[in-house]
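Only one structure is covered here, and it is reproduced in the block below.
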Amino acid sequence: MSTALMLRLLVLIASVLVVSAGNFIKDVSITWGDGRAKILGNGLILTLSLDKFSGSGFESKSDYLFGRLDMKLKLIPGNSAGTVTTFFLSSPAGPKHDEIDFEFLGNSSGQPYTVHTNIFAQGQGNKEQQFHLWFDPTLHFHLYSIVWNPQRVIWLIDDIPIRVFKNNEAIGVPFPKSQSMKVLCSLWNADEWATQGGRVKTDWTIAPFTATYRSVNFNGNVCKTPTTKTTLLGVGGLVGKPTCTPNDPKNNAWQTQEIDGMGKRRLKWVQQKFMIYNYCNDFNRFPQGTPTECKHPAF
């Protein structure tokens, strides 16, 4: 089936489904790509494409301080080597920025995608965990979720937890809790490192590459940006803290969500069977000792 026919079919299916999710027209803005990002199906589907000249991306219209952020995603089929498809949260760029990442690193045909996760707090990152998947992420849509509350961050795939990062500020580990973040998604070329350490390059003869997003659902504390103070010297700093209120007060289980017994068993299964890299086990990288949080329980 051609890509164009598949997209028309997806639009038709999405238009007749009753979904509780949001809408791309209402919830996001296309930020780059010069027409390579397209909203379809009355806002129920968004496609990102990549060619030799540019990738594409979009971001949420709102900023969030904690929440559950859901996105269904169907990744690039076939030879996706060199490409990176993303779904992540980030505060504005800067030396103290916060970020929570899902990145999907493409591969040669028949080889598995690598799911790359990371977290930054107050500019400190280098906390990577990577996984292969227990399914083919190019055949069907799958649900990718980030649960972010004051106690922990949980990464989930089809509601199965793959990683948890606990708030360990009490032992000196930074945790993202004071800066609001936007949801960002993108498709771009990173063949200098993305596939097998950069050994396999992007095959531009099969471009464009397309990733498809649907069922956007951003449930969290929506923040208003602080006002900006103007001085005689021009625009000054931000005044005050952002005001953040739940966008769905009746659906706020994420505020205290943790990993229950079943979740812990599923997390153990994923990490034993499908984890391919854990910074906490990289003793060559940290010859003086792994980071502090690695020496403490994850729950």
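Letters A, B, ... mark the chains of the structure tokens in the order given; residue numbers begin at 1 per chain; ligand numbers begin at 1, in order shown.
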
List the neighbours of segment 122-135 of chain A out to 6 Å using only C-alpha atoms; skip same-chain residues closer than 4 positions along the sequence, and give me the result as number ranges by chain.
A: 95-98, 114-118, 274-279

Residues of segment 91-214 of chain A in strand (DSSP E), written as a ChimeraX atom specification:
/A:99-105,114-120,129-131,142-148,152-157,160-166,182-189,209-214

Write the residues of the selection above to a file with C-alpha atoms, as a PDB file, in the first residue's frame.
ATOM      1  CA  GLU A  99      14.051  18.208  29.735  1.00  0.00           C
ATOM      2  CA  ILE A 100      12.417  14.751  29.676  1.00  0.00           C
ATOM      3  CA  ASP A 101      13.071  12.728  26.516  1.00  0.00           C
ATOM      4  CA  PHE A 102      11.669  10.003  24.343  1.00  0.00           C
ATOM      5  CA  GLU A 103      13.836   9.678  21.206  1.00  0.00           C
ATOM      6  CA  PHE A 104      13.452   6.920  18.618  1.00  0.00           C
ATOM      7  CA  LEU A 105      16.664   6.154  16.758  1.00  0.00           C
ATOM      8  CA  THR A 114      16.440   2.095  19.758  1.00  0.00           C
ATOM      9  CA  VAL A 115      14.298   3.998  22.273  1.00  0.00           C
ATOM     10  CA  HIS A 116      16.537   6.582  23.925  1.00  0.00           C
ATOM     11  CA  THR A 117      15.384   8.177  27.210  1.00  0.00           C
ATOM     12  CA  ASN A 118      17.061  10.928  29.187  1.00  0.00           C
ATOM     13  CA  ILE A 119      16.267  13.582  31.788  1.00  0.00           C
ATOM     14  CA  PHE A 120      17.798  16.981  32.484  1.00  0.00           C
ATOM     15  CA  GLN A 129      18.690   4.583  29.375  1.00  0.00           C
ATOM     16  CA  GLN A 130      18.074   2.845  26.047  1.00  0.00           C
ATOM     17  CA  PHE A 131      15.754   0.039  25.044  1.00  0.00           C
ATOM     18  CA  HIS A 142       1.476   2.693  20.043  1.00  0.00           C
ATOM     19  CA  LEU A 143       0.922   4.920  23.052  1.00  0.00           C
ATOM     20  CA  TYR A 144       3.945   6.708  24.515  1.00  0.00           C
ATOM     21  CA  SER A 145       3.433   8.542  27.806  1.00  0.00           C
ATOM     22  CA  ILE A 146       5.390  10.729  30.191  1.00  0.00           C
ATOM     23  CA  VAL A 147       4.002  11.011  33.720  1.00  0.00           C
ATOM     24  CA  TRP A 148       5.667  13.879  35.570  1.00  0.00           C
ATOM     25  CA  ARG A 152       8.863  11.039  40.065  1.00  0.00           C
ATOM     26  CA  VAL A 153       8.964  10.825  36.288  1.00  0.00           C
ATOM     27  CA  ILE A 154       7.623   7.660  34.631  1.00  0.00           C
ATOM     28  CA  TRP A 155       8.119   6.715  30.980  1.00  0.00           C
ATOM     29  CA  LEU A 156       5.433   4.320  29.670  1.00  0.00           C
ATOM     30  CA  ILE A 157       4.782   2.495  26.412  1.00  0.00           C
ATOM     31  CA  ILE A 160       3.777  -0.421  30.543  1.00  0.00           C
ATOM     32  CA  PRO A 161       6.432   1.439  32.565  1.00  0.00           C
ATOM     33  CA  ILE A 162       9.913   1.200  31.086  1.00  0.00           C
ATOM     34  CA  ARG A 163      11.698   3.661  33.365  1.00  0.00           C
ATOM     35  CA  VAL A 164      11.175   5.676  36.543  1.00  0.00           C
ATOM     36  CA  PHE A 165      13.273   8.561  37.858  1.00  0.00           C
ATOM     37  CA  LYS A 166      12.599   9.375  41.493  1.00  0.00           C
ATOM     38  CA  LYS A 182       6.400  22.556  26.445  1.00  0.00           C
ATOM     39  CA  VAL A 183       5.769  19.265  24.642  1.00  0.00           C
ATOM     40  CA  LEU A 184       7.911  19.067  21.507  1.00  0.00           C
ATOM     41  CA  CYS A 185       8.021  16.534  18.685  1.00  0.00           C
ATOM     42  CA  SER A 186      10.358  16.429  15.724  1.00  0.00           C
ATOM     43  CA  LEU A 187      11.835  14.337  12.940  1.00  0.00           C
ATOM     44  CA  TRP A 188      15.402  15.109  11.919  1.00  0.00           C
ATOM     45  CA  ASN A 189      18.614  13.684  10.518  1.00  0.00           C
ATOM     46  CA  PHE A 209      10.742   9.714   5.600  1.00  0.00           C
ATOM     47  CA  THR A 210       7.440  10.100   7.453  1.00  0.00           C
ATOM     48  CA  ALA A 211       6.399   9.563  11.080  1.00  0.00           C
ATOM     49  CA  THR A 212       2.732   9.825  12.059  1.00  0.00           C
ATOM     50  CA  TYR A 213       1.287  11.116  15.344  1.00  0.00           C
ATOM     51  CA  ARG A 214      -2.276  10.863  16.635  1.00  0.00           C
TER      52      ARG A 214
END

Proximity to Ala37 of chain A - best of A:Phe88, A:Trp254, A:Phe24, A:Phe218, only C-alpha atoms:
A:Phe24

When distances are computed from only C-alpha atoms, which of A:Asn107, A:Leu267, A:Asn221, A:Leu75 shows the smallest separation from Arg199 of chain A?
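Of A:Asn107, A:Leu267, A:Asn221, A:Leu75, the one nearest Arg199 of chain A, counting only C-alpha atoms, is A:Asn107.
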
Give me every helix (DSSP H, G or I) residue in segment 65-216 of chain A, going by DSSP on the backbone, as a PDB file with all heavy atoms, in the first residue's frame.
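part-v1.pdb written:
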ATOM      1  N   GLU A 169      16.011  14.840  45.470  1.00  0.00           N
ATOM      2  CA  GLU A 169      16.608  16.113  45.889  1.00  0.00           C
ATOM      3  C   GLU A 169      17.169  16.042  47.304  1.00  0.00           C
ATOM      4  O   GLU A 169      18.134  16.740  47.638  1.00  0.00           O
ATOM      5  CB  GLU A 169      15.581  17.226  45.801  1.00  0.00           C
ATOM      6  CG  GLU A 169      15.238  17.652  44.385  1.00  0.00           C
ATOM      7  CD  GLU A 169      14.248  18.794  44.369  1.00  0.00           C
ATOM      8  OE1 GLU A 169      13.157  18.651  44.960  1.00  0.00           O
ATOM      9  OE2 GLU A 169      14.567  19.837  43.769  1.00  0.00           O
ATOM     10  N   ALA A 170      16.584  15.193  48.142  1.00  0.00           N
ATOM     11  CA  ALA A 170      17.040  15.081  49.532  1.00  0.00           C
ATOM     12  C   ALA A 170      18.480  14.607  49.631  1.00  0.00           C
ATOM     13  O   ALA A 170      19.152  14.846  50.648  1.00  0.00           O
ATOM     14  CB  ALA A 170      16.120  14.130  50.310  1.00  0.00           C
ATOM     15  N   ILE A 171      18.977  13.945  48.572  1.00  0.00           N
ATOM     16  CA  ILE A 171      20.376  13.497  48.585  1.00  0.00           C
ATOM     17  C   ILE A 171      21.208  14.264  47.548  1.00  0.00           C
ATOM     18  O   ILE A 171      22.262  13.813  47.118  1.00  0.00           O
ATOM     19  CB  ILE A 171      20.491  11.975  48.362  1.00  0.00           C
ATOM     20  CG1 ILE A 171      19.806  11.552  47.057  1.00  0.00           C
ATOM     21  CG2 ILE A 171      19.908  11.211  49.553  1.00  0.00           C
ATOM     22  CD1 ILE A 171      20.007  10.081  46.696  1.00  0.00           C
ATOM     23  N   GLN A 196      23.925   2.892  15.010  1.00  0.00           N
ATOM     24  CA  GLN A 196      25.165   2.123  15.193  1.00  0.00           C
ATOM     25  C   GLN A 196      26.375   3.050  15.308  1.00  0.00           C
ATOM     26  O   GLN A 196      27.405   2.844  14.662  1.00  0.00           O
ATOM     27  CB  GLN A 196      25.327   1.116  14.047  1.00  0.00           C
ATOM     28  CG  GLN A 196      24.184   0.106  13.964  1.00  0.00           C
ATOM     29  CD  GLN A 196      24.322  -0.867  12.813  1.00  0.00           C
ATOM     30  OE1 GLN A 196      25.435  -1.240  12.444  1.00  0.00           O
ATOM     31  NE2 GLN A 196      23.200  -1.293  12.240  1.00  0.00           N
ATOM     32  N   GLY A 197      26.191   4.084  16.152  1.00  0.00           N
ATOM     33  CA  GLY A 197      27.278   5.010  16.410  1.00  0.00           C
ATOM     34  C   GLY A 197      27.702   5.852  15.223  1.00  0.00           C
ATOM     35  O   GLY A 197      28.810   6.389  15.196  1.00  0.00           O
ATOM     36  N   GLY A 198      26.810   5.998  14.241  1.00  0.00           N
ATOM     37  CA  GLY A 198      27.122   6.786  13.058  1.00  0.00           C
ATOM     38  C   GLY A 198      27.697   5.987  11.908  1.00  0.00           C
ATOM     39  O   GLY A 198      27.996   6.544  10.844  1.00  0.00           O
ATOM     40  N   TRP A 204      19.294   8.737   1.368  1.00  0.00           N
ATOM     41  CA  TRP A 204      18.402   9.783   0.866  1.00  0.00           C
ATOM     42  C   TRP A 204      17.664   9.364  -0.401  1.00  0.00           C
ATOM     43  O   TRP A 204      16.714  10.052  -0.810  1.00  0.00           O
ATOM     44  CB  TRP A 204      19.193  11.060   0.626  1.00  0.00           C
ATOM     45  CG  TRP A 204      19.756  11.642   1.902  1.00  0.00           C
ATOM     46  CD1 TRP A 204      21.064  11.746   2.254  1.00  0.00           C
ATOM     47  CD2 TRP A 204      19.001  12.169   2.991  1.00  0.00           C
ATOM     48  NE1 TRP A 204      21.186  12.302   3.507  1.00  0.00           N
ATOM     49  CE2 TRP A 204      19.935  12.577   3.981  1.00  0.00           C
ATOM     50  CE3 TRP A 204      17.636  12.332   3.240  1.00  0.00           C
ATOM     51  CZ2 TRP A 204      19.539  13.142   5.188  1.00  0.00           C
ATOM     52  CZ3 TRP A 204      17.241  12.891   4.445  1.00  0.00           C
ATOM     53  CH2 TRP A 204      18.183  13.296   5.403  1.00  0.00           C
ATOM     54  N   THR A 205      18.056   8.259  -1.007  1.00  0.00           N
ATOM     55  CA  THR A 205      17.347   7.824  -2.219  1.00  0.00           C
ATOM     56  C   THR A 205      15.941   7.342  -1.903  1.00  0.00           C
ATOM     57  O   THR A 205      15.105   7.238  -2.812  1.00  0.00           O
ATOM     58  CB  THR A 205      18.116   6.706  -2.944  1.00  0.00           C
ATOM     59  OG1 THR A 205      18.136   5.523  -2.129  1.00  0.00           O
ATOM     60  CG2 THR A 205      19.545   7.137  -3.252  1.00  0.00           C
ATOM     61  N   ILE A 206      15.655   7.041  -0.637  1.00  0.00           N
ATOM     62  CA  ILE A 206      14.307   6.585  -0.277  1.00  0.00           C
ATOM     63  C   ILE A 206      13.533   7.652   0.490  1.00  0.00           C
ATOM     64  O   ILE A 206      12.447   7.383   1.007  1.00  0.00           O
ATOM     65  CB  ILE A 206      14.358   5.269   0.528  1.00  0.00           C
ATOM     66  CG1 ILE A 206      15.199   5.437   1.807  1.00  0.00           C
ATOM     67  CG2 ILE A 206      14.903   4.140  -0.327  1.00  0.00           C
ATOM     68  CD1 ILE A 206      15.180   4.217   2.704  1.00  0.00           C
TER      69      ILE A 206
END

Rounded to one decimal in Å, what is the spacing between atom CA of Lys224 of chain A and atom CA of Asp70 of chain A?
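Here the two named atoms are 21.1 Å from each other.
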
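Of the listed residues A:Pro112, A:Pro291, A:Gly82, A:Gly106, the one whose atoms come nearest to Lys52 of chain A is A:Gly82, with distances taken using only C-alpha atoms.
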
Give me, as a PDB file with N, CA, C and O atoms, in the first residue's frame, all polymer residues having an atom no more than 9 Å from segment 250-253 of chain A, counting only C-alpha atoms and skipping those fewer than 4 positions away in the same chain.
ATOM      1  N   GLY A  67       2.274  16.753  34.846  1.00  0.00           N
ATOM      2  CA  GLY A  67       1.135  16.264  34.091  1.00  0.00           C
ATOM      3  C   GLY A  67       1.378  14.874  33.551  1.00  0.00           C
ATOM      4  O   GLY A  67       2.410  14.243  33.814  1.00  0.00           O
ATOM      5  N   ARG A  68       0.395  14.396  32.812  1.00  0.00           N
ATOM      6  CA  ARG A  68       0.530  13.175  32.021  1.00  0.00           C
ATOM      7  C   ARG A  68       0.377  13.583  30.558  1.00  0.00           C
ATOM      8  O   ARG A  68      -0.668  14.128  30.160  1.00  0.00           O
ATOM      9  N   ASN A 219      -2.608  16.289  29.596  1.00  0.00           N
ATOM     10  CA  ASN A 219      -3.401  16.485  30.806  1.00  0.00           C
ATOM     11  C   ASN A 219      -2.462  16.915  31.922  1.00  0.00           C
ATOM     12  O   ASN A 219      -1.641  16.124  32.391  1.00  0.00           O
ATOM     13  N   GLY A 220      -2.546  18.159  32.351  1.00  0.00           N
ATOM     14  CA  GLY A 220      -1.615  18.625  33.365  1.00  0.00           C
ATOM     15  C   GLY A 220      -1.915  20.022  33.838  1.00  0.00           C
ATOM     16  O   GLY A 220      -2.986  20.579  33.567  1.00  0.00           O
ATOM     17  N   PRO A 246      -4.713  23.046  36.779  1.00  0.00           N
ATOM     18  CA  PRO A 246      -5.044  21.818  36.034  1.00  0.00           C
ATOM     19  C   PRO A 246      -6.024  22.103  34.899  1.00  0.00           C
ATOM     20  O   PRO A 246      -6.987  22.851  35.070  1.00  0.00           O
ATOM     21  N   GLN A 257       0.650   9.649  40.793  1.00  0.00           N
ATOM     22  CA  GLN A 257       0.847   8.333  40.181  1.00  0.00           C
ATOM     23  C   GLN A 257       2.219   7.770  40.532  1.00  0.00           C
ATOM     24  O   GLN A 257       3.232   8.467  40.498  1.00  0.00           O
TER      25      GLN A 257
END

Ranking A:Ala121, A:Met262, A:Val28, A:Ile76 by minimum distance to Ser178 of chain A and counting only C-alpha atoms, which one comes first?
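Closest to Ser178 of chain A of all the choices is A:Ala121.
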
Straight-line distance linking atom CA of Thr256 of chain A with atom CA of Leu73 of chain A, stated in Å to one decimal:
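Value for the atom CA of Thr256 of chain A-atom CA of Leu73 of chain A distance: 25.8 Å.
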